[in-house]
Amino acid sequence: MRLHVVDHPLVAHKLTVLRDETTDSPTFRLLVDELVTLLAYEATREIATEPHEVKTPITTMTGTRLASPPPLVVPILRAGLGMLDGMSRLLPTAEVGFLGLVRDEETFKAVTYANRLPDDLTGRHVFLIDPMLATGGTLVAAIDYVLERGAREVTAVCLLAAPEGIALLEEHVGDRANLSVVVAAVDERLNEKAYIVPGLGDAGDRLYGIV
């Protein structure tokens with residue numbers, strides 16, 4: 001597993017505003033969108049490409065285009081939806097699937113409640129987007145889900161991660177998959193309620209309100 005913490009002053013600035021409890025939902029959504037586009041730039045650094053010949057106004061040349069099959073972006077509902085526009089802006093040709101996973105607040109384990117993914121993901125590069133990598137249970141379940149369907153490579157894009165969640169991913173995935181994790185920051189720890197500390201609170205609630 002490859003962990004990449006994006007070290008950039010704009011990422012640090014936007015993340016600091018996200019952490020601020022006085023930041024309202026509209027501003028929070030806008031900053032998440034901007035921050036994900038910056039993370040996506042790093043997350044797609046190893047994306048598969050192929051040579052492609054084009055004719056310029058002067059001559060022909062061999063350039064580069066994204067290889068087939070197209071990548072698949074999968075937001076983990078509901079908070080992952082807030083990251084979709086930022087990711088799609090950089091990967092407009094990617095297909096989009098949806099995976100609904102919710103954390104049981106008693107056991108902290110992930111429970112699947114929705115799936116809108118192709119049955120066959122053979123050869124696909126799948127980008128899983130979820131704001132928080134806390135216990136790691138949700139992301140582990142999502143990774144298993146796409147690997148079972150034949151995904152070639154998995155990249156997880158998260159705003160924040162906790163050391164406990166990273167450790168679980170390393171332990172669970174091991175050498176079974178070509179896995180990358182791209183985050184804006186790795187925080188100190190989880191508290192007794194499995195929230196990231198210092199964190200930014202519940203990303204879903206801050207994006208969409210408490211319902």
# chains A, B, ... in the order shown; residues from 1 in each chain; ligands from 1
call {"tool": "closest_atom_pairs", "arguments": {"of": "range 29-117 of chain A", "to": "range 157-164 of chain A", "cutoff": "10 Å", "atoms": "only C-alpha atoms", "output": "JSON lines"}}
result
{"residue": "A:Val32", "atom": "CA", "partner": "A:Leu159", "partner_atom": "CA", "distance": 8.3}
{"residue": "A:Leu35", "atom": "CA", "partner": "A:Leu159", "partner_atom": "CA", "distance": 8.1}
{"residue": "A:Val36", "atom": "CA", "partner": "A:Leu159", "partner_atom": "CA", "distance": 7.7}
{"residue": "A:Leu39", "atom": "CA", "partner": "A:Val157", "partner_atom": "CA", "distance": 7.2}
{"residue": "A:Ala40", "atom": "CA", "partner": "A:Val157", "partner_atom": "CA", "distance": 7.4}
{"residue": "A:Glu42", "atom": "CA", "partner": "A:Val157", "partner_atom": "CA", "distance": 9.6}
{"residue": "A:Ala43", "atom": "CA", "partner": "A:Val157", "partner_atom": "CA", "distance": 7.1}
{"residue": "A:Pro75", "atom": "CA", "partner": "A:Val157", "partner_atom": "CA", "distance": 9.6}
{"residue": "A:Gly80", "atom": "CA", "partner": "A:Cys158", "partner_atom": "CA", "distance": 9.0}
{"residue": "A:Met83", "atom": "CA", "partner": "A:Cys158", "partner_atom": "CA", "distance": 9.0}
{"residue": "A:Met87", "atom": "CA", "partner": "A:Val157", "partner_atom": "CA", "distance": 9.3}
call {"tool": "write_last_selection", "arguments": {"atoms": "N, CA, C and O atoms", "output": "PDB file, in the first residue's frame"}}
result
ATOM      1  N   VAL A  32     -14.341  21.780   0.017  1.00  0.00           N
ATOM      2  CA  VAL A  32     -14.151  20.355  -0.252  1.00  0.00           C
ATOM      3  C   VAL A  32     -13.966  20.138  -1.747  1.00  0.00           C
ATOM      4  O   VAL A  32     -13.067  19.405  -2.189  1.00  0.00           O
ATOM      5  N   LEU A  35     -10.533  21.382  -2.710  1.00  0.00           N
ATOM      6  CA  LEU A  35      -9.484  20.559  -2.126  1.00  0.00           C
ATOM      7  C   LEU A  35      -9.376  19.211  -2.835  1.00  0.00           C
ATOM      8  O   LEU A  35      -8.262  18.715  -3.098  1.00  0.00           O
ATOM      9  N   VAL A  36     -10.509  18.633  -3.195  1.00  0.00           N
ATOM     10  CA  VAL A  36     -10.494  17.334  -3.874  1.00  0.00           C
ATOM     11  C   VAL A  36      -9.830  17.443  -5.242  1.00  0.00           C
ATOM     12  O   VAL A  36      -9.116  16.534  -5.664  1.00  0.00           O
ATOM     13  N   LEU A  39      -6.217  17.202  -4.612  1.00  0.00           N
ATOM     14  CA  LEU A  39      -5.844  15.829  -4.262  1.00  0.00           C
ATOM     15  C   LEU A  39      -5.912  14.921  -5.488  1.00  0.00           C
ATOM     16  O   LEU A  39      -5.084  14.017  -5.655  1.00  0.00           O
ATOM     17  N   ALA A  40      -6.911  15.163  -6.339  1.00  0.00           N
ATOM     18  CA  ALA A  40      -7.087  14.328  -7.529  1.00  0.00           C
ATOM     19  C   ALA A  40      -5.887  14.440  -8.463  1.00  0.00           C
ATOM     20  O   ALA A  40      -5.530  13.467  -9.145  1.00  0.00           O
ATOM     21  N   GLU A  42      -2.814  14.648  -7.641  1.00  0.00           N
ATOM     22  CA  GLU A  42      -1.809  13.692  -7.156  1.00  0.00           C
ATOM     23  C   GLU A  42      -2.294  12.261  -7.300  1.00  0.00           C
ATOM     24  O   GLU A  42      -1.516  11.352  -7.616  1.00  0.00           O
ATOM     25  N   ALA A  43      -3.581  12.038  -7.084  1.00  0.00           N
ATOM     26  CA  ALA A  43      -4.126  10.677  -7.114  1.00  0.00           C
ATOM     27  C   ALA A  43      -4.064  10.056  -8.505  1.00  0.00           C
ATOM     28  O   ALA A  43      -4.032   8.834  -8.648  1.00  0.00           O
ATOM     29  N   PRO A  75     -17.924   7.432  -5.267  1.00  0.00           N
ATOM     30  CA  PRO A  75     -18.112   8.078  -3.967  1.00  0.00           C
ATOM     31  C   PRO A  75     -18.807   7.127  -3.005  1.00  0.00           C
ATOM     32  O   PRO A  75     -19.734   6.412  -3.386  1.00  0.00           O
ATOM     33  N   GLY A  80     -19.213  11.071   0.573  1.00  0.00           N
ATOM     34  CA  GLY A  80     -18.387  11.026  -0.626  1.00  0.00           C
ATOM     35  C   GLY A  80     -18.965  11.797  -1.794  1.00  0.00           C
ATOM     36  O   GLY A  80     -18.235  12.216  -2.699  1.00  0.00           O
ATOM     37  N   MET A  83     -17.458  15.065  -2.729  1.00  0.00           N
ATOM     38  CA  MET A  83     -16.154  15.060  -3.366  1.00  0.00           C
ATOM     39  C   MET A  83     -16.241  14.759  -4.858  1.00  0.00           C
ATOM     40  O   MET A  83     -15.243  14.853  -5.571  1.00  0.00           O
ATOM     41  N   MET A  87     -13.570  15.632  -8.196  1.00  0.00           N
ATOM     42  CA  MET A  87     -12.867  14.533  -8.853  1.00  0.00           C
ATOM     43  C   MET A  87     -13.224  14.470 -10.332  1.00  0.00           C
ATOM     44  O   MET A  87     -12.355  14.292 -11.197  1.00  0.00           O
TER      45      MET A  87
END
call {"tool": "residues_around", "arguments": {"residues": "Ala94 in chain A", "least_positions_apart": "4", "cutoff": "8 Å", "atoms": "only C-alpha atoms", "output": "list in words"}}
result
Pro70, Pro71, Leu72, Val73 and Ser88 of chain A
call {"tool": "closest_residue", "arguments": {"among": "A:Pro9, A:Gly82, A:Pro69, A:Pro131", "to": "Val182 in chain A", "atoms": "only C-alpha atoms"}}
result
A:Pro131
call {"tool": "select_by_dssp", "arguments": {"residues": "range 15-154 of chain A", "states": "alpha helix (DSSP H)", "output": "PyMOL selection string"}}
result
chain A and resi 15-19+25-43+84-90+137-148
call {"tool": "closest_residue", "arguments": {"among": "A:Ala79, A:Val11, A:Val146, A:Leu99", "to": "Tyr208 in chain A", "atoms": "only C-alpha atoms"}}
result
A:Ala79
call {"tool": "closest_residue", "arguments": {"among": "A:Leu15, A:Ile76, A:Leu90, A:Asp7", "to": "Pro198 in chain A", "atoms": "only C-alpha atoms"}}
result
A:Leu15
call {"tool": "closest_atom_pairs", "arguments": {"of": "range 124-195 of chain A", "to": "range 44-65 of chain A", "cutoff": "10 Å", "atoms": "only C-alpha atoms", "output": "Markdown table"}}
result
| residue | atom | partner | partner_atom | distance |
| --- | --- | --- | --- | --- |
| A:Arg124 | CA | A:Ala48 | CA | 9.8 |
| A:His125 | CA | A:Ile47 | CA | 7.7 |
| A:Phe127 | CA | A:Thr44 | CA | 9.1 |
| A:Glu153 | CA | A:Ile47 | CA | 9.4 |
| A:Thr155 | CA | A:Thr44 | CA | 8.6 |
| A:Ser180 | CA | A:Glu46 | CA | 9.9 |
| A:Val182 | CA | A:Thr44 | CA | 9.8 |
call {"tool": "atom_distance", "arguments": {"atom1": "CA of Leu77 in chain A", "atom2": "CA of Leu10 in chain A"}}
result
26.4 Å
call {"tool": "closest_residue", "arguments": {"among": "A:Val181, A:Val102, A:Val74, A:Leu81", "to": "Leu207 in chain A", "atoms": "only C-alpha atoms"}}
result
A:Leu81
call {"tool": "closest_residue", "arguments": {"among": "A:Pro92, A:Ile166, A:Gly97, A:Asp144", "to": "Val186 in chain A", "atoms": "only C-alpha atoms"}}
result
A:Ile166
call {"tool": "residues_around", "arguments": {"residues": "Glu148 in chain A", "least_positions_apart": "2", "cutoff": "10 Å", "atoms": "only C-alpha atoms", "output": "VMD selection string"}}
result
chain A and resid 119 to 122 143 to 146 150 to 151
call {"tool": "write_last_selection", "arguments": {"atoms": "N, CA and C atoms", "output": "tab-separated table (two decimals), in the first residue's frame"}}
result
chain	number	residue	atom	x	y	z
A	119	ASP	N	-21.01	-5.21	-12.37
A	119	ASP	CA	-20.64	-6.50	-11.81
A	119	ASP	C	-19.21	-6.89	-12.19
A	120	ASP	N	-18.76	-6.43	-13.35
A	120	ASP	CA	-17.44	-6.77	-13.85
A	120	ASP	C	-16.56	-5.52	-13.92
A	121	LEU	N	-15.53	-5.48	-13.09
A	121	LEU	CA	-14.60	-4.34	-13.07
A	121	LEU	C	-13.21	-4.76	-13.56
A	122	THR	N	-13.16	-5.83	-14.33
A	122	THR	CA	-11.87	-6.36	-14.80
A	122	THR	C	-11.07	-5.28	-15.53
A	143	ILE	N	-12.99	-1.53	-0.64
A	143	ILE	CA	-11.88	-2.11	-1.41
A	143	ILE	C	-12.17	-3.57	-1.72
A	144	ASP	N	-12.62	-4.33	-0.73
A	144	ASP	CA	-12.97	-5.73	-0.97
A	144	ASP	C	-14.04	-5.85	-2.05
A	145	TYR	N	-15.00	-4.95	-2.01
A	145	TYR	CA	-16.12	-4.97	-2.94
A	145	TYR	C	-15.64	-4.84	-4.38
A	146	VAL	N	-14.74	-3.90	-4.64
A	146	VAL	CA	-14.29	-3.69	-6.02
A	146	VAL	C	-13.25	-4.72	-6.44
A	150	GLY	N	-12.93	-7.64	-9.78
A	150	GLY	CA	-11.85	-7.66	-10.76
A	150	GLY	C	-11.08	-6.37	-10.96
A	151	ALA	N	-11.26	-5.36	-10.10
A	151	ALA	CA	-10.54	-4.10	-10.27
A	151	ALA	C	-9.02	-4.35	-10.32
call {"tool": "residues_around", "arguments": {"residues": "Asp205 in chain A", "least_positions_apart": "2", "cutoff": "12 Å", "atoms": "only C-alpha atoms", "output": "VMD selection string"}}
result
chain A and resid 21 24 to 26 28 to 29 78 to 80 82 131 200 to 203 207 to 211
call {"tool": "select_by_dssp", "arguments": {"residues": "range 18-190 of chain A", "states": "strand (DSSP E)", "output": "ChimeraX atom specification"}}
result
/A:49-55,60-66,72-77,95-96,98-103,110-116,125-129,132-133,153-161,179-186,189-190
call {"tool": "closest_residue", "arguments": {"among": "A:Gly174, A:Gly165, A:Gly86, A:Gly100", "to": "Met132 in chain A", "atoms": "only C-alpha atoms"}}
result
A:Gly165
call {"tool": "atom_distance", "arguments": {"atom1": "CA of Tyr195 in chain A", "atom2": "CA of Ala134 in chain A"}}
result
6.6 Å
call {"tool": "decode", "arguments": {"residues": "range 70-118 of chain A", "atoms": "N, CA and C atoms", "output": "mmCIF file, in the first residue's frame"}}
result
data_model
loop_
_atom_site.group_PDB
_atom_site.id
_atom_site.type_symbol
_atom_site.label_atom_id
_atom_site.label_comp_id
_atom_site.auth_asym_id
_atom_site.auth_seq_id
_atom_site.Cartn_x
_atom_site.Cartn_y
_atom_site.Cartn_z
ATOM 1 N N PRO A 70 -12.087 2.988 -19.238
ATOM 2 C CA PRO A 70 -11.992 4.253 -18.499
ATOM 3 C C PRO A 70 -11.988 4.026 -16.997
ATOM 4 N N PRO A 71 -11.369 4.938 -16.256
ATOM 5 C CA PRO A 71 -11.394 4.812 -14.792
ATOM 6 C C PRO A 71 -12.811 4.951 -14.249
ATOM 7 N N LEU A 72 -12.999 4.433 -13.053
ATOM 8 C CA LEU A 72 -14.308 4.483 -12.382
ATOM 9 C C LEU A 72 -14.158 5.236 -11.067
ATOM 10 N N VAL A 73 -14.940 6.289 -10.893
ATOM 11 C CA VAL A 73 -14.948 7.053 -9.644
ATOM 12 C C VAL A 73 -16.140 6.607 -8.812
ATOM 13 N N VAL A 74 -15.872 6.231 -7.565
ATOM 14 C CA VAL A 74 -16.937 5.702 -6.699
ATOM 15 C C VAL A 74 -16.984 6.483 -5.395
ATOM 16 N N PRO A 75 -17.924 7.432 -5.267
ATOM 17 C CA PRO A 75 -18.112 8.078 -3.967
ATOM 18 C C PRO A 75 -18.807 7.127 -3.005
ATOM 19 N N ILE A 76 -18.350 7.109 -1.768
ATOM 20 C CA ILE A 76 -18.997 6.320 -0.727
ATOM 21 C C ILE A 76 -20.029 7.220 -0.067
ATOM 22 N N LEU A 77 -21.286 6.836 -0.210
ATOM 23 C CA LEU A 77 -22.398 7.665 0.264
ATOM 24 C C LEU A 77 -22.394 7.757 1.786
ATOM 25 N N ARG A 78 -22.884 8.925 2.366
ATOM 26 C CA ARG A 78 -23.331 10.065 1.606
ATOM 27 C C ARG A 78 -22.259 11.124 1.458
ATOM 28 N N ALA A 79 -21.305 11.126 2.399
ATOM 29 C CA ALA A 79 -20.318 12.207 2.429
ATOM 30 C C ALA A 79 -19.452 12.233 1.181
ATOM 31 N N GLY A 80 -19.213 11.071 0.573
ATOM 32 C CA GLY A 80 -18.387 11.026 -0.626
ATOM 33 C C GLY A 80 -18.965 11.797 -1.794
ATOM 34 N N LEU A 81 -20.288 12.008 -1.779
ATOM 35 C CA LEU A 81 -20.919 12.792 -2.848
ATOM 36 C C LEU A 81 -20.351 14.207 -2.919
ATOM 37 N N GLY A 82 -19.990 14.745 -1.774
ATOM 38 C CA GLY A 82 -19.443 16.097 -1.739
ATOM 39 C C GLY A 82 -18.089 16.214 -2.417
ATOM 40 N N MET A 83 -17.458 15.065 -2.729
ATOM 41 C CA MET A 83 -16.154 15.060 -3.366
ATOM 42 C C MET A 83 -16.241 14.759 -4.858
ATOM 43 N N LEU A 84 -17.432 14.381 -5.332
ATOM 44 C CA LEU A 84 -17.564 13.891 -6.702
ATOM 45 C C LEU A 84 -17.261 14.962 -7.749
ATOM 46 N N ASP A 85 -17.803 16.167 -7.594
ATOM 47 C CA ASP A 85 -17.580 17.207 -8.595
ATOM 48 C C ASP A 85 -16.099 17.546 -8.733
ATOM 49 N N GLY A 86 -15.410 17.634 -7.614
ATOM 50 C CA GLY A 86 -13.984 17.956 -7.662
ATOM 51 C C GLY A 86 -13.177 16.888 -8.377
ATOM 52 N N MET A 87 -13.570 15.632 -8.196
ATOM 53 C CA MET A 87 -12.867 14.533 -8.853
ATOM 54 C C MET A 87 -13.224 14.470 -10.332
ATOM 55 N N SER A 88 -14.512 14.656 -10.651
ATOM 56 C CA SER A 88 -14.961 14.582 -12.044
ATOM 57 C C SER A 88 -14.418 15.740 -12.878
ATOM 58 N N ARG A 89 -14.137 16.854 -12.235
ATOM 59 C CA ARG A 89 -13.588 18.000 -12.964
ATOM 60 C C ARG A 89 -12.245 17.646 -13.594
ATOM 61 N N LEU A 90 -11.460 16.849 -12.880
ATOM 62 C CA LEU A 90 -10.161 16.458 -13.400
ATOM 63 C C LEU A 90 -10.250 15.214 -14.276
ATOM 64 N N LEU A 91 -11.288 14.390 -14.060
ATOM 65 C CA LEU A 91 -11.465 13.151 -14.829
ATOM 66 C C LEU A 91 -12.849 13.144 -15.471
ATOM 67 N N PRO A 92 -13.114 14.042 -16.409
ATOM 68 C CA PRO A 92 -14.464 14.131 -16.966
ATOM 69 C C PRO A 92 -14.893 12.907 -17.767
ATOM 70 N N THR A 93 -13.928 12.114 -18.250
ATOM 71 C CA THR A 93 -14.282 10.926 -19.033
ATOM 72 C C THR A 93 -14.482 9.687 -18.161
ATOM 73 N N ALA A 94 -14.241 9.813 -16.869
ATOM 74 C CA ALA A 94 -14.418 8.666 -15.977
ATOM 75 C C ALA A 94 -15.894 8.329 -15.822
ATOM 76 N N GLU A 95 -16.165 7.040 -15.628
ATOM 77 C CA GLU A 95 -17.519 6.625 -15.283
ATOM 78 C C GLU A 95 -17.691 6.752 -13.770
ATOM 79 N N VAL A 96 -18.936 6.810 -13.334
ATOM 80 C CA VAL A 96 -19.224 7.021 -11.908
ATOM 81 C C VAL A 96 -20.130 5.916 -11.392
ATOM 82 N N GLY A 97 -19.738 5.319 -10.305
ATOM 83 C CA GLY A 97 -20.576 4.351 -9.603
ATOM 84 C C GLY A 97 -20.837 4.856 -8.199
ATOM 85 N N PHE A 98 -21.720 4.186 -7.474
ATOM 86 C CA PHE A 98 -22.044 4.616 -6.116
ATOM 87 C C PHE A 98 -22.066 3.413 -5.186
ATOM 88 N N LEU A 99 -21.541 3.620 -3.993
ATOM 89 C CA LEU A 99 -21.525 2.568 -2.987
ATOM 90 C C LEU A 99 -21.974 3.170 -1.662
ATOM 91 N N GLY A 100 -23.063 2.616 -1.128
ATOM 92 C CA GLY A 100 -23.589 3.115 0.135
ATOM 93 C C GLY A 100 -23.130 2.255 1.293
ATOM 94 N N LEU A 101 -22.307 2.822 2.157
ATOM 95 C CA LEU A 101 -21.814 2.135 3.343
ATOM 96 C C LEU A 101 -22.029 3.038 4.540
ATOM 97 N N VAL A 102 -22.534 2.482 5.608
ATOM 98 C CA VAL A 102 -22.749 3.267 6.820
ATOM 99 C C VAL A 102 -22.069 2.555 7.984
ATOM 100 N N ARG A 103 -21.493 3.341 8.880
ATOM 101 C CA ARG A 103 -20.809 2.768 10.030
ATOM 102 C C ARG A 103 -21.787 2.526 11.157
ATOM 103 N N ASP A 104 -21.830 1.306 11.643
ATOM 104 C CA ASP A 104 -22.631 0.978 12.822
ATOM 105 C C ASP A 104 -21.968 1.645 14.022
ATOM 106 N N GLU A 105 -22.690 2.549 14.674
ATOM 107 C CA GLU A 105 -22.093 3.325 15.760
ATOM 108 C C GLU A 105 -21.851 2.504 17.027
ATOM 109 N N GLU A 106 -22.393 1.283 17.074
ATOM 110 C CA GLU A 106 -22.133 0.399 18.213
ATOM 111 C C GLU A 106 -20.862 -0.421 17.977
ATOM 112 N N THR A 107 -20.748 -0.999 16.780
ATOM 113 C CA THR A 107 -19.621 -1.885 16.488
ATOM 114 C C THR A 107 -18.515 -1.198 15.685
ATOM 115 N N PHE A 108 -18.847 -0.025 15.093
ATOM 116 C CA PHE A 108 -17.935 0.718 14.224
ATOM 117 C C PHE A 108 -17.614 -0.037 12.927
ATOM 118 N N LYS A 109 -18.412 -1.065 12.603
ATOM 119 C CA LYS A 109 -18.216 -1.824 11.367
ATOM 120 C C LYS A 109 -19.103 -1.266 10.257
ATOM 121 N N ALA A 110 -18.660 -1.451 9.012
ATOM 122 C CA ALA A 110 -19.393 -0.911 7.865
ATOM 123 C C ALA A 110 -20.490 -1.863 7.420
ATOM 124 N N VAL A 111 -21.653 -1.297 7.104
ATOM 125 C CA VAL A 111 -22.792 -2.062 6.603
ATOM 126 C C VAL A 111 -23.167 -1.494 5.239
ATOM 127 N N THR A 112 -23.275 -2.363 4.231
ATOM 128 C CA THR A 112 -23.632 -1.927 2.881
ATOM 129 C C THR A 112 -25.144 -1.783 2.759
ATOM 130 N N TYR A 113 -25.596 -0.634 2.229
ATOM 131 C CA TYR A 113 -27.032 -0.444 2.034
ATOM 132 C C TYR A 113 -27.386 -0.048 0.598
ATOM 133 N N ALA A 114 -26.377 0.227 -0.242
ATOM 134 C CA ALA A 114 -26.662 0.593 -1.633
ATOM 135 C C ALA A 114 -25.462 0.252 -2.505
ATOM 136 N N ASN A 115 -25.751 -0.206 -3.726
ATOM 137 C CA ASN A 115 -24.691 -0.554 -4.663
ATOM 138 C C ASN A 115 -25.136 -0.229 -6.073
ATOM 139 N N ARG A 116 -24.423 0.673 -6.717
ATOM 140 C CA ARG A 116 -24.648 0.970 -8.122
ATOM 141 C C ARG A 116 -23.302 0.885 -8.834
ATOM 142 N N LEU A 117 -22.797 -0.362 -8.939
ATOM 143 C CA LEU A 117 -21.510 -0.610 -9.570
ATOM 144 C C LEU A 117 -21.664 -1.712 -10.604
ATOM 145 N N PRO A 118 -20.840 -1.677 -11.659
ATOM 146 C CA PRO A 118 -20.856 -2.794 -12.612
ATOM 147 C C PRO A 118 -20.451 -4.094 -11.923
#
